[in-house]
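Student: Structure file work.cif (mmCIF, C-alpha atoms) is given on the next line.
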data_work
#
loop_
_atom_site.label_atom_id
_atom_site.label_comp_id
_atom_site.auth_asym_id
_atom_site.auth_seq_id
_atom_site.Cartn_x
_atom_site.Cartn_y
_atom_site.Cartn_z
CA MET A 1299 -66.33 17.54 10.96
CA THR A 1300 -65.22 20.11 8.36
CA PHE A 1301 -67.86 22.63 9.39
CA ALA A 1302 -66.70 22.29 12.98
CA LEU A 1303 -63.22 23.23 11.78
CA GLN A 1304 -64.61 26.06 9.65
CA SER A 1305 -66.35 27.47 12.70
CA LEU A 1306 -63.10 27.56 14.69
CA PRO A 1307 -62.24 31.23 13.99
CA TYR A 1308 -65.72 32.20 15.17
CA LEU A 1309 -65.42 30.08 18.31
CA TRP A 1310 -62.01 31.62 18.88
CA GLN A 1311 -63.65 35.07 19.11
CA GLY A 1312 -66.07 33.66 21.65
CA LEU A 1313 -63.26 32.07 23.60
CA LEU A 1314 -61.51 35.45 23.80
CA VAL A 1315 -64.68 37.00 25.27
CA THR A 1316 -64.91 34.15 27.80
CA LEU A 1317 -61.27 34.70 28.78
CA GLU A 1318 -61.71 38.47 28.94
CA VAL A 1319 -64.79 38.26 31.19
CA SER A 1320 -63.14 35.61 33.38
CA GLY A 1321 -59.91 37.59 33.61
CA LEU A 1322 -61.66 40.79 34.69
CA VAL A 1323 -63.75 38.89 37.23
CA VAL A 1324 -60.68 37.14 38.64
CA ILE A 1325 -58.87 40.47 39.10
CA PHE A 1326 -61.83 42.33 40.63
CA SER A 1327 -62.85 39.48 42.91
CA LEU A 1328 -59.25 38.99 44.05
CA ILE A 1329 -58.93 42.66 45.05
CA ALA A 1330 -62.36 42.95 46.71
CA GLY A 1331 -62.20 39.50 48.28
CA THR A 1332 -58.75 40.02 49.79
CA ILE A 1333 -59.65 43.40 51.32
CA LEU A 1334 -62.95 42.11 52.71
CA GLY A 1335 -61.36 38.84 53.81
CA VAL A 1336 -58.69 40.66 55.83
CA ALA A 1337 -61.39 42.98 57.22
CA ILE A 1338 -63.58 40.09 58.35
CA VAL A 1339 -60.69 38.56 60.30
CA TYR A 1340 -59.15 41.69 61.86
CA GLY A 1341 -61.95 44.26 61.55
CA PRO A 1342 -64.35 45.41 64.29
CA TRP A 1343 -67.82 43.87 64.68
CA TRP A 1344 -69.53 46.60 62.66
CA LEU A 1345 -67.41 45.49 59.69
CA TYR A 1346 -67.70 41.78 60.49
CA TRP A 1347 -71.48 41.49 60.29
CA PRO A 1348 -72.02 43.36 56.98
CA ILE A 1349 -69.26 41.34 55.31
CA ARG A 1350 -70.61 38.09 56.80
CA PHE A 1351 -74.05 38.99 55.41
CA TYR A 1352 -72.61 39.92 52.00
CA SER A 1353 -70.72 36.65 51.74
CA ASP A 1354 -73.52 34.39 52.98
CA PHE A 1355 -76.12 36.17 50.86
CA LEU A 1356 -74.16 35.86 47.62
CA ARG A 1357 -73.12 32.27 48.26
CA GLY A 1358 -76.72 31.40 49.07
CA ILE A 1359 -78.35 32.32 45.76
CA PRO A 1360 -77.84 30.74 42.34
CA LEU A 1361 -75.36 32.60 40.14
CA LEU A 1362 -77.93 32.64 37.34
CA VAL A 1363 -80.44 34.49 39.55
CA LEU A 1364 -77.75 37.00 40.52
CA ILE A 1365 -76.85 37.63 36.88
CA PHE A 1366 -80.50 38.17 35.90
CA PHE A 1367 -81.00 40.40 38.94
CA MET A 1368 -78.07 42.64 38.01
CA TYR A 1369 -78.77 42.58 34.28
CA TYR A 1370 -82.49 43.36 34.43
CA GLY A 1371 -82.69 45.03 37.84
CA LEU A 1372 -79.97 47.69 37.80
CA PRO A 1373 -81.49 49.88 35.03
CA LEU A 1374 -84.53 50.40 37.27
CA PHE A 1375 -82.24 52.13 39.76
CA LYS A 1376 -80.99 54.40 36.97
CA VAL A 1377 -77.72 52.47 36.82
CA ASN A 1378 -77.20 51.93 33.13
CA LEU A 1379 -74.35 49.56 32.46
CA THR A 1380 -73.46 47.77 29.26
CA ASN A 1381 -74.36 44.09 29.31
CA VAL A 1382 -70.70 43.08 29.73
CA ALA A 1383 -70.23 45.49 32.67
CA ALA A 1384 -73.39 44.18 34.36
CA VAL A 1385 -72.35 40.52 34.17
CA VAL A 1386 -68.76 41.27 35.16
CA LEU A 1387 -70.18 43.05 38.21
CA ALA A 1388 -72.48 40.12 39.03
CA LEU A 1389 -69.77 37.48 38.58
CA SER A 1390 -67.23 39.56 40.52
CA ALA A 1391 -69.63 39.99 43.43
CA PHE A 1392 -70.29 36.25 43.43
CA GLU A 1393 -66.64 35.22 43.20
CA SER A 1394 -65.46 37.82 45.73
CA ALA A 1395 -67.72 36.14 48.31
CA HIS A 1396 -65.84 32.89 47.69
CA VAL A 1397 -62.46 34.66 47.81
CA ILE A 1398 -63.44 36.16 51.19
CA GLU A 1399 -63.89 32.67 52.60
CA VAL A 1400 -60.62 31.42 51.09
CA VAL A 1401 -58.70 34.40 52.51
CA ARG A 1402 -60.36 34.02 55.91
CA GLY A 1403 -59.55 30.31 56.02
CA ALA A 1404 -55.95 30.91 54.97
CA ILE A 1405 -55.35 33.61 57.59
CA GLN A 1406 -57.05 31.68 60.37
CA SER A 1407 -54.97 28.58 59.61
CA ILE A 1408 -51.84 30.47 60.76
CA PRO A 1409 -51.25 29.69 64.47
CA SER A 1410 -51.76 32.67 66.79
CA GLY A 1411 -48.22 32.14 68.12
CA GLN A 1412 -46.95 33.68 64.87
CA THR A 1413 -48.88 36.90 65.49
CA GLU A 1414 -47.81 36.98 69.12
CA ALA A 1415 -44.16 36.48 68.19
CA ALA A 1416 -44.42 39.28 65.62
CA LYS A 1417 -45.97 41.55 68.25
CA ALA A 1418 -43.20 40.64 70.68
CA ILE A 1419 -40.49 41.79 68.28
CA GLY A 1420 -42.38 45.06 67.84
CA LEU A 1421 -43.91 44.79 64.36
CA ARG A 1422 -46.90 47.03 63.65
CA PHE A 1423 -50.17 45.63 62.23
CA GLY A 1424 -49.26 46.27 58.59
CA GLN A 1425 -45.81 44.77 59.04
CA ARG A 1426 -47.19 41.71 60.83
CA LEU A 1427 -49.59 41.14 57.98
CA LEU A 1428 -47.02 41.70 55.26
CA TYR A 1429 -43.96 39.95 56.67
CA VAL A 1430 -45.41 37.26 58.94
CA ILE A 1431 -48.98 36.30 58.06
CA ALA A 1432 -49.12 36.80 54.27
CA PRO A 1433 -46.08 34.69 53.28
CA GLN A 1434 -47.45 31.73 55.24
CA ALA A 1435 -51.11 32.23 54.39
CA VAL A 1436 -50.47 32.40 50.66
CA ARG A 1437 -49.67 28.65 50.58
CA ARG A 1438 -53.08 27.90 52.03
CA PHE A 1439 -54.69 30.46 49.78
CA LEU A 1440 -53.42 29.44 46.35
CA PRO A 1441 -54.91 25.93 45.78
CA PRO A 1442 -58.53 26.80 46.76
CA TRP A 1443 -58.25 30.14 45.00
CA ILE A 1444 -57.27 28.46 41.73
CA ASN A 1445 -60.32 26.23 42.15
CA ALA A 1446 -62.38 29.42 42.48
CA VAL A 1447 -60.81 30.63 39.22
CA VAL A 1448 -61.94 27.39 37.53
CA ASP A 1449 -65.44 28.04 38.87
CA THR A 1450 -65.25 31.55 37.42
CA VAL A 1451 -64.42 30.27 33.95
CA LYS A 1452 -67.25 27.72 34.22
CA GLY A 1453 -69.65 30.33 35.62
CA SER A 1454 -68.80 32.73 32.82
CA ALA A 1455 -70.73 30.43 30.45
CA LEU A 1456 -73.90 31.87 32.05
CA VAL A 1457 -73.24 35.27 30.46
CA SER A 1458 -74.41 33.71 27.18
CA LEU A 1459 -77.93 33.79 28.63
CA VAL A 1460 -78.00 37.60 28.59
CA GLY A 1461 -76.79 37.79 25.01
CA ILE A 1462 -73.02 38.17 25.34
CA VAL A 1463 -71.30 36.20 22.59
CA ASP A 1464 -68.85 34.21 24.69
CA LEU A 1465 -67.66 30.71 23.81
CA MET A 1466 -70.99 29.21 24.93
CA LEU A 1467 -73.17 31.50 22.82
CA ALA A 1468 -70.75 31.25 19.87
CA ILE A 1469 -71.27 27.47 19.98
CA GLN A 1470 -75.04 27.95 20.13
CA GLN A 1471 -74.97 30.32 17.17
CA VAL A 1472 -72.92 27.98 15.00
CA ILE A 1473 -75.35 25.17 15.88
CA GLY A 1474 -78.20 27.49 14.92
CA ARG A 1475 -76.74 27.69 11.41
CA THR A 1476 -75.52 24.12 10.94
CA TYR A 1477 -78.09 22.07 12.86
CA ARG A 1478 -75.33 19.70 13.96
CA PRO A 1479 -75.23 20.08 17.75
CA MET A 1480 -73.12 17.15 18.90
CA PRO A 1481 -69.71 17.85 17.27
CA LEU A 1482 -69.84 21.48 18.35
CA TYR A 1483 -70.83 20.79 21.94
CA VAL A 1484 -68.02 18.26 22.18
CA LEU A 1485 -65.58 20.74 20.62
CA GLY A 1486 -66.72 23.46 23.04
CA ALA A 1487 -66.50 21.10 26.00
CA LEU A 1488 -62.92 20.26 25.00
CA MET A 1489 -62.02 23.96 24.80
CA TYR A 1490 -63.37 24.61 28.29
CA PHE A 1491 -61.74 21.43 29.50
CA VAL A 1492 -58.28 22.40 28.28
CA ILE A 1493 -58.41 25.77 30.08
CA ASN A 1494 -59.86 24.45 33.32
CA TYR A 1495 -57.88 21.23 33.49
CA THR A 1496 -54.65 23.19 33.13
CA LEU A 1497 -55.72 25.38 36.04
CA SER A 1498 -56.94 22.58 38.29
CA SER A 1499 -53.84 20.48 37.79
CA ALA A 1500 -51.76 23.55 38.65
CA SER A 1501 -53.81 23.80 41.85
CA ARG A 1502 -53.11 20.15 42.68
CA ARG A 1503 -49.39 20.53 41.98
CA LEU A 1504 -49.21 23.54 44.29
CA GLU A 1505 -51.08 21.66 46.99
CA ALA A 1506 -48.62 18.76 46.72
CA ARG A 1507 -45.72 21.19 46.76
CA PHE A 1508 -46.88 22.90 49.94
CA ALA A 1509 -47.81 19.63 51.63
CA TYR A 1510 -44.45 19.61 53.44
CA VAL A 1511 -45.52 22.62 55.50
CA ARG A 1512 -46.45 21.44 58.98
CA GLU A 1513 -47.60 23.71 61.74
CA MET B 317 -87.99 57.21 42.01
CA ALA B 318 -90.38 57.24 39.09
CA TYR B 319 -90.82 53.48 39.18
CA HIS B 320 -93.51 52.05 41.45
CA LEU B 321 -93.13 48.54 42.75
CA ASN B 322 -96.18 46.42 42.04
CA PHE B 323 -96.33 42.87 43.25
CA GLY B 324 -99.97 42.23 42.25
CA TYR B 325 -99.18 40.07 39.23
CA ILE B 326 -96.68 38.01 41.20
CA TRP B 327 -99.10 37.24 44.02
CA ALA B 328 -101.76 36.32 41.43
CA HIS B 329 -99.38 33.77 39.89
CA PHE B 330 -97.54 32.82 43.05
CA ASP B 331 -98.43 29.15 42.52
CA LYS B 332 -95.96 29.13 39.58
CA LEU B 333 -93.22 30.01 42.05
CA THR B 334 -94.26 27.62 44.84
CA TRP B 335 -94.58 24.69 42.42
CA GLY B 336 -91.33 25.78 40.82
CA LEU B 337 -89.62 25.66 44.19
CA VAL B 338 -91.06 22.19 44.87
CA LEU B 339 -89.83 20.99 41.47
CA SER B 340 -86.37 22.49 42.14
CA LEU B 341 -86.15 20.54 45.38
CA GLU B 342 -87.35 17.36 43.66
CA LEU B 343 -84.79 17.75 40.88
CA ALA B 344 -82.00 18.25 43.41
CA PHE B 345 -83.18 15.32 45.51
CA VAL B 346 -83.58 12.80 42.69
CA SER B 347 -80.28 13.91 41.15
CA ILE B 348 -78.29 13.55 44.35
CA LEU B 349 -79.78 10.09 44.97
CA ILE B 350 -78.75 8.88 41.51
CA GLY B 351 -75.47 10.80 41.83
CA MET B 352 -74.74 9.03 45.11
CA GLY B 353 -75.38 5.69 43.43
CA ILE B 354 -72.97 6.57 40.62
CA GLY B 355 -70.46 8.05 43.04
CA LEU B 356 -70.47 5.12 45.43
CA SER B 357 -70.14 2.45 42.76
CA LEU B 358 -67.38 4.31 40.95
CA ALA B 359 -65.55 5.10 44.20
CA LEU B 360 -65.57 1.38 45.10
CA VAL B 361 -64.47 0.43 41.60
CA TYR B 362 -61.73 3.07 41.76
CA THR B 363 -60.50 2.00 45.19
CA GLY B 364 -60.34 -1.67 44.22
CA GLY B 365 -59.59 -1.41 40.51
CA GLY B 366 -56.49 -1.51 38.33
CA ARG B 367 -54.84 1.22 36.28
CA VAL B 368 -57.28 1.16 33.35
CA VAL B 369 -60.40 1.34 35.52
CA ARG B 370 -58.89 4.14 37.58
CA GLY B 371 -58.05 6.03 34.40
CA ILE B 372 -61.61 5.77 33.10
CA VAL B 373 -63.16 6.91 36.40
CA ALA B 374 -60.66 9.77 36.71
CA GLY B 375 -61.43 10.78 33.12
CA TYR B 376 -65.15 10.98 33.85
CA VAL B 377 -64.60 12.98 37.04
CA GLU B 378 -62.15 15.42 35.46
CA PHE B 379 -64.29 15.96 32.37
CA ILE B 380 -67.43 16.80 34.36
CA ARG B 381 -65.60 18.98 36.86
CA ASN B 382 -63.88 21.09 34.25
CA VAL B 383 -66.76 21.80 31.87
CA PRO B 384 -69.53 24.35 32.59
CA LEU B 385 -72.78 22.78 33.79
CA LEU B 386 -74.69 24.91 31.27
CA LEU B 387 -72.81 23.24 28.42
CA LEU B 388 -73.56 19.80 29.86
CA VAL B 389 -77.24 20.71 30.10
CA TYR B 390 -77.30 21.67 26.40
CA LEU B 391 -75.18 18.68 25.41
CA VAL B 392 -77.52 16.18 27.03
CA PHE B 393 -80.74 17.89 25.93
CA TYR B 394 -79.86 18.89 22.34
CA GLY B 395 -76.65 17.02 21.55
CA ILE B 396 -77.21 13.41 22.56
CA PRO B 397 -80.71 12.97 21.04
CA SER B 398 -79.41 14.39 17.73
CA VAL B 399 -76.95 11.52 17.33
CA GLY B 400 -78.80 8.88 19.33
CA GLY B 401 -82.02 9.10 17.34
CA PHE B 402 -84.27 9.21 20.40
CA MET B 403 -86.04 11.90 22.41
CA TYR B 404 -86.65 12.58 26.06
CA ASP B 405 -88.49 15.39 27.78
CA ALA B 406 -86.62 18.30 29.32
CA THR B 407 -87.10 17.20 32.93
CA THR B 408 -85.69 13.71 32.30
CA SER B 409 -82.80 15.20 30.38
CA PHE B 410 -82.01 17.64 33.18
CA ILE B 411 -82.14 14.91 35.83
CA ILE B 412 -79.71 12.82 33.76
CA THR B 413 -77.40 15.84 33.47
CA LEU B 414 -77.52 16.82 37.11
CA ALA B 415 -77.17 13.21 38.28
CA GLY B 416 -74.12 12.71 36.08
CA TYR B 417 -72.74 16.04 37.27
CA SER B 418 -73.24 15.32 40.97
CA GLY B 419 -72.00 11.75 40.40
CA ALA B 420 -68.57 13.11 39.45
CA TYR B 421 -68.39 15.16 42.65
CA MET B 422 -69.73 12.23 44.70
CA VAL B 423 -66.93 9.95 43.45
CA GLU B 424 -64.41 12.31 45.03
CA VAL B 425 -66.42 12.61 48.25
CA PHE B 426 -66.85 8.85 48.67
CA ARG B 427 -63.28 8.08 47.64
CA ALA B 428 -61.98 10.41 50.33
CA GLY B 429 -64.52 8.98 52.78
CA LEU B 430 -63.48 5.38 52.12
CA ALA B 431 -59.83 6.34 52.52
CA ALA B 432 -60.64 8.02 55.85
CA VAL B 433 -62.10 4.87 57.44
CA PRO B 434 -59.54 3.94 60.12
CA ARG B 435 -57.36 0.97 59.19
CA GLY B 436 -57.88 -0.48 62.69
CA LEU B 437 -61.64 -0.85 62.14
CA ILE B 438 -61.14 -2.86 58.96
CA ASP B 439 -58.51 -5.02 60.67
CA ALA B 440 -60.86 -5.57 63.60
CA GLY B 441 -63.50 -6.71 61.10
CA LYS B 442 -61.00 -9.16 59.64
CA ALA B 443 -60.07 -10.38 63.13
CA ILE B 444 -63.65 -11.34 63.99
CA GLY B 445 -63.86 -13.27 60.73
CA LEU B 446 -65.96 -11.02 58.47
CA THR B 447 -65.57 -11.64 54.75
CA GLY B 448 -64.58 -8.79 52.44
CA TRP B 449 -68.21 -8.18 51.47
CA GLN B 450 -69.37 -8.20 55.10
CA ARG B 451 -66.62 -5.78 56.05
CA LEU B 452 -67.82 -3.44 53.30
CA ILE B 453 -71.49 -3.57 54.36
CA HIS B 454 -71.07 -3.58 58.12
CA VAL B 455 -67.84 -1.67 58.71
CA ARG B 456 -66.58 0.46 55.84
CA LEU B 457 -69.83 1.89 54.43
CA PRO B 458 -71.53 2.89 57.71
CA THR B 459 -68.32 4.58 58.93
CA MET B 460 -67.80 6.27 55.59
CA PHE B 461 -71.33 7.69 55.50
CA ARG B 462 -70.86 9.28 58.90
CA ILE B 463 -67.58 10.81 57.73
CA VAL B 464 -68.94 12.23 54.46
CA LEU B 465 -72.28 13.52 55.76
CA PRO B 466 -71.15 17.18 55.94
CA SER B 467 -69.90 17.02 52.32
CA LEU B 468 -73.18 15.45 51.24
CA SER B 469 -75.29 18.21 52.74
CA ASN B 470 -73.14 20.90 51.12
CA ALA B 471 -73.42 19.10 47.80
CA PHE B 472 -77.19 18.88 48.12
CA VAL B 473 -77.63 22.61 48.80
CA SER B 474 -75.25 23.37 45.95
CA LEU B 475 -77.27 21.14 43.59
CA PHE B 476 -80.45 22.87 44.71
CA LYS B 477 -78.95 26.14 43.49
CA ASP B 478 -77.76 24.49 40.26
CA THR B 479 -81.34 23.47 39.42
CA SER B 480 -81.82 27.10 38.34
CA LEU B 481 -80.04 26.11 35.09
CA ALA B 482 -82.97 23.86 34.19
CA SER B 483 -84.83 27.04 33.22
CA VAL B 484 -82.74 27.27 30.01
CA ILE B 485 -84.37 24.12 28.65
CA ALA B 486 -87.83 25.16 29.91
CA VAL B 487 -88.14 22.85 32.91
CA PRO B 488 -90.78 24.68 34.98
CA GLU B 489 -88.71 25.10 38.17
CA LEU B 490 -88.34 28.25 40.28
CA THR B 491 -86.16 30.33 37.93
CA TYR B 492 -88.37 29.36 34.99
CA GLY B 493 -91.44 30.46 36.96
CA ALA B 494 -89.70 33.76 37.63
CA GLN B 495 -88.87 34.19 33.94
CA TRP B 496 -92.45 33.36 33.00
CA ILE B 497 -93.85 36.04 35.30
CA LYS B 498 -91.21 38.49 34.09
CA THR B 499 -92.05 37.90 30.43
CA ASN B 500 -95.78 38.22 30.98
CA SER B 501 -95.85 41.23 33.28
CA PHE B 502 -92.50 43.03 32.81
CA ARG B 503 -92.39 43.25 36.62
CA VAL B 504 -88.68 42.45 36.42
CA ILE B 505 -87.30 43.77 39.68
CA GLU B 506 -90.29 42.63 41.74
CA VAL B 507 -90.01 39.04 40.61
CA TRP B 508 -86.34 38.81 41.55
CA ILE B 509 -87.06 40.54 44.87
CA VAL B 510 -89.46 37.69 45.61
CA VAL B 511 -87.47 34.80 44.12
CA THR B 512 -84.03 35.59 45.58
CA PRO B 513 -85.22 35.20 49.21
CA MET B 514 -87.01 32.01 48.23
CA TYR B 515 -83.71 30.46 47.14
CA LEU B 516 -81.86 31.96 50.08
CA VAL B 517 -84.28 30.87 52.79
CA THR B 518 -84.80 27.37 51.35
CA GLY B 519 -81.08 26.86 50.89
CA TYR B 520 -80.16 27.89 54.41
CA ALA B 521 -83.13 26.04 55.95
CA LEU B 522 -81.92 22.86 54.21
CA LEU B 523 -78.39 23.44 55.39
CA PHE B 524 -79.57 23.99 58.96
CA ALA B 525 -81.77 20.88 58.93
CA LEU B 526 -78.94 18.77 57.50
CA GLN B 527 -76.55 20.12 60.12
CA GLN B 528 -78.88 18.80 62.82
CA LEU B 529 -78.68 15.43 61.10
CA GLU B 530 -74.89 15.67 60.94
CA ARG B 531 -74.73 16.38 64.66
CA ARG B 532 -76.93 13.36 65.33
CA PHE B 533 -74.61 11.06 63.38
CA ALA B 534 -71.28 12.71 64.13
CA ILE B 535 -68.56 10.32 65.27
CA GLN B 536 -67.80 10.97 68.92
CA ARG B 537 -64.14 11.27 69.72
#
Now that the file is in, can you turn its structure into structure tokens?
Tutor:
Amino acid sequence: MTFALQSLPYLWQGLLVTLEVSGLVVIFSLIAGTILGVAIVYGPWWLYWPIRFYSDFLRGIPLLVLIFFMYYGLPLFKVNLTNVAAVVLALSAFESAHVIEVVRGAIQSIPSGQTEAAKAIGLRFGQRLLYVIAPQAVRRFLPPWINAVVDTVKGSALVSLVGIVDLMLAIQQVIGRTYRPMPLYVLGALMYFVINYTLSSASRRLEARFAYVRE
Amino acid sequence: MAYHLNFGYIWAHFDKLTWGLVLSLELAFVSILIGMGIGLSLALVYTGGGRVVRGIVAGYVEFIRNVPLLLLVYLVFYGIPSVGGFMYDATTSFIITLAGYSGAYMVEVFRAGLAAVPRGLIDAGKAIGLTGWQRLIHVRLPTMFRIVLPSLSNAFVSLFKDTSLASVIAVPELTYGAQWIKTNSFRVIEVWIVVTPMYLVTGYALLFALQQLERRFAIQR
């Protein structure tokens, strides 16, 4: 057990990389997913179909395949990214597809009477979205979005497979030196668990808190 | 573009990909069957059990759902044999992992399904004199399966995609086949151009087929 404790500072470095990658992906996918999600609901058909294709395509392939595709494939198109940039791009593309669906579901759960009432009092599109739709939709958005964040943190473990020293690869490297896999895997599992369990219980608390809302 | 696409090597070794795809489907299928067994038994135990039993089941579900699948794959393949003093091959190890993983999700699915069986049906079963066991077999389970069918098909397609992780412990499924071709020919972009549609088409074909099944068994209102 002592060597597991001795390896903690090293695992801590890996954990920071995991959190950094996850954090960037959460921010990028939130921005891209929200814009595309609003566009798929309110946009014209020539925006609808490309976004529909983007979302269904990305949600239809394994994340691992997408990461390998971006990591090994992009340099052939003369796009030379660092390995961290390539995986952040791959994970963000993947998660943004999920955010699109969460945003779409949240907006479409708001009864059309709300939009009609907002139109009747003379609000423009941007105002309707900002003052009427968004405050109500955000309650439907938050719980599934936090679950998507948990999936991001879990999915970020795959970046270890292209040589980024995140928590997962840090664990593997310590095992490579100590030849004692079990304590370290359990330790690593606990570290992931603490982060993700905190998030998923926050999601459940929010869901319970917004359960009073009836349309 | 200076790079010329060349699919020759891939077509020459295409059997690696087709057999990989078949193995991926088999892994997903066997895992979801075992996972459904785990999920159903634990959901029944949870629904009928006391505080301690509920705590244990919830602990299992929460642990699996909040830890990356990749870590579980390593833990079962490298970790458990190192302390257990026994060995198993990579395919067995991956099936154990994926079955345990899907089991945790199945508990939630079946628990929600059992709770969604209308109270009136169970009472009607009581009224015609069915015992608790008979009510379970003839009333609660058939109704529950029709309710949870959409969740089951989503879970199956999702597991099919998760089988790509088996490549990290050298189970010769589709992603492993792709990696093998890539390593031997350096035809990196070509191999992913071929493999990505294979996942995509198979995944959506499965989803479509299962949706037909769902429609067939949907509860008419």
Student: With all atoms listed in the file counted and 9 Å as the cut-off, give the residues of stretch 1452-1471 of chain A in contact with stretch 1352-1375 of chain A, each with its shortest interatomic distance in Å and the pair that gives it, as a tab-separated table.
Tutor:
residue	atom	partner	partner_atom	distance
A:Gly1453	CA	A:Leu1361	CA	7.6
A:Leu1456	CA	A:Leu1362	CA	6.7
A:Val1457	CA	A:Ile1365	CA	7.7
A:Leu1459	CA	A:Leu1362	CA	8.8
A:Val1460	CA	A:Tyr1369	CA	7.6
Student: Do me a favour and pick out the residues of chain B within 6 Å of chain A, using all atoms listed in the file, as a PyMOL selection string.
Tutor: chain B and resi 382-384+391+395+477+505+515-516
Student: Counting all atoms listed in the file, I want the residues whose atoms come within 8 Å of (-63.5, 34.1, 48.0) in the file frame, returned as a list in words.
Tutor: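 Within the cut-off we find Ser1327, Leu1328, Gly1331, Thr1332, Gly1335, Glu1393, Ser1394, Ala1395, His1396, Val1397, Ile1398, Glu1399, Val1400, Val1401, Trp1443 and Ala1446 of chain A.
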Student: Can you write just those residues out, C-alpha atoms, as a PDB file, keeping the file's coordinate frame?
Tutor:
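Resulting contents of part_13.pdb:
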ATOM      1  CA  SER A1327     -62.850  39.480  42.910  1.00  0.00           C
ATOM      2  CA  LEU A1328     -59.250  38.990  44.050  1.00  0.00           C
ATOM      3  CA  GLY A1331     -62.200  39.500  48.280  1.00  0.00           C
ATOM      4  CA  THR A1332     -58.750  40.020  49.790  1.00  0.00           C
ATOM      5  CA  GLY A1335     -61.360  38.840  53.810  1.00  0.00           C
ATOM      6  CA  GLU A1393     -66.640  35.220  43.200  1.00  0.00           C
ATOM      7  CA  SER A1394     -65.460  37.820  45.730  1.00  0.00           C
ATOM      8  CA  ALA A1395     -67.720  36.140  48.310  1.00  0.00           C
ATOM      9  CA  HIS A1396     -65.840  32.890  47.690  1.00  0.00           C
ATOM     10  CA  VAL A1397     -62.460  34.660  47.810  1.00  0.00           C
ATOM     11  CA  ILE A1398     -63.440  36.160  51.190  1.00  0.00           C
ATOM     12  CA  GLU A1399     -63.890  32.670  52.600  1.00  0.00           C
ATOM     13  CA  VAL A1400     -60.620  31.420  51.090  1.00  0.00           C
ATOM     14  CA  VAL A1401     -58.700  34.400  52.510  1.00  0.00           C
ATOM     15  CA  TRP A1443     -58.250  30.140  45.000  1.00  0.00           C
ATOM     16  CA  ALA A1446     -62.380  29.420  42.480  1.00  0.00           C
TER      17      ALA A1446
END
Student: Let me know the residues the PyMOL selection byres ((chain B and resi 498) around 12) catches in the file above, as a PyMOL selection string.
Tutor: (chain A and resi 1366-1367+1370-1371) or (chain B and resi 323+325-326+329+332-333+491-497+499-511)
Student: Looking at B:Phe472, B:Tyr319, B:Tyr520, B:Trp327, which one is nearest to B:Met352, with distances taken over only C-alpha atoms?
Tutor: B:Phe472
Student: At a cut-off of 12 Å, using only C-alpha atoms, what residues contact A:Leu1306? Leave out same-chain residues fewer than 4 positions from it and give the result as a PDB file with C-alpha atoms, in the coordinates of the input.
Tutor:
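Now in part_3.pdb:
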ATOM      1  CA  MET A1299     -66.330  17.540  10.960  1.00  0.00           C
ATOM      2  CA  THR A1300     -65.220  20.110   8.360  1.00  0.00           C
ATOM      3  CA  PHE A1301     -67.860  22.630   9.390  1.00  0.00           C
ATOM      4  CA  ALA A1302     -66.700  22.290  12.980  1.00  0.00           C
ATOM      5  CA  TRP A1310     -62.010  31.620  18.880  1.00  0.00           C
ATOM      6  CA  GLN A1311     -63.650  35.070  19.110  1.00  0.00           C
ATOM      7  CA  GLY A1312     -66.070  33.660  21.650  1.00  0.00           C
ATOM      8  CA  LEU A1313     -63.260  32.070  23.600  1.00  0.00           C
ATOM      9  CA  LEU A1465     -67.660  30.710  23.810  1.00  0.00           C
ATOM     10  CA  ALA A1468     -70.750  31.250  19.870  1.00  0.00           C
ATOM     11  CA  ILE A1469     -71.270  27.470  19.980  1.00  0.00           C
ATOM     12  CA  VAL A1472     -72.920  27.980  15.000  1.00  0.00           C
ATOM     13  CA  LEU A1482     -69.840  21.480  18.350  1.00  0.00           C
ATOM     14  CA  LEU A1485     -65.580  20.740  20.620  1.00  0.00           C
ATOM     15  CA  GLY A1486     -66.720  23.460  23.040  1.00  0.00           C
ATOM     16  CA  MET A1489     -62.020  23.960  24.800  1.00  0.00           C
TER      17      MET A1489
END
Student: Write out as an MDAnalysis selection string each polymer residue whose atoms come within 12 Å of stretch 1411-1425 of chain A, counting all atoms listed in the file; drop sequence neighbours fewer than 6 positions from it.
Tutor: chainID A and resid 1336 1340:1341 1405 1431:1435 1513
Student: Quick one: residues within 10 Å of A:Ala1500, all atoms listed in the file counted, chain neighbours fewer than 5 positions away excluded, as a ChimeraX atom specification?
Tutor: /A:1440-1441,1444-1445,1494-1495,1505-1506
Student: Apply the PyMOL selection byres ((chain B and resi 358-364) around 8) to the structure shown and report the selected residues as a PyMOL selection string.
Tutor: chain B and resi 354-357+365-366+369-370+373+423-424+426-427
Student: If you measure from atom CA of B:Leu465 to atom CA of B:Leu522, what distance in Å do you get, rounded to one decimal?
Tutor: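 Separation of atom CA of B:Leu465 and atom CA of B:Leu522: 13.5 Å.
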Student: What does the distance between atom CA of B:Ile348 and atom CA of B:Ser469 come to in Å, to one decimal place?
Tutor: 10.1 Å
Student: Interatomic distance between atom CA of A:Ile1349 and atom CA of B:Thr512?
Tutor: 18.6 Å
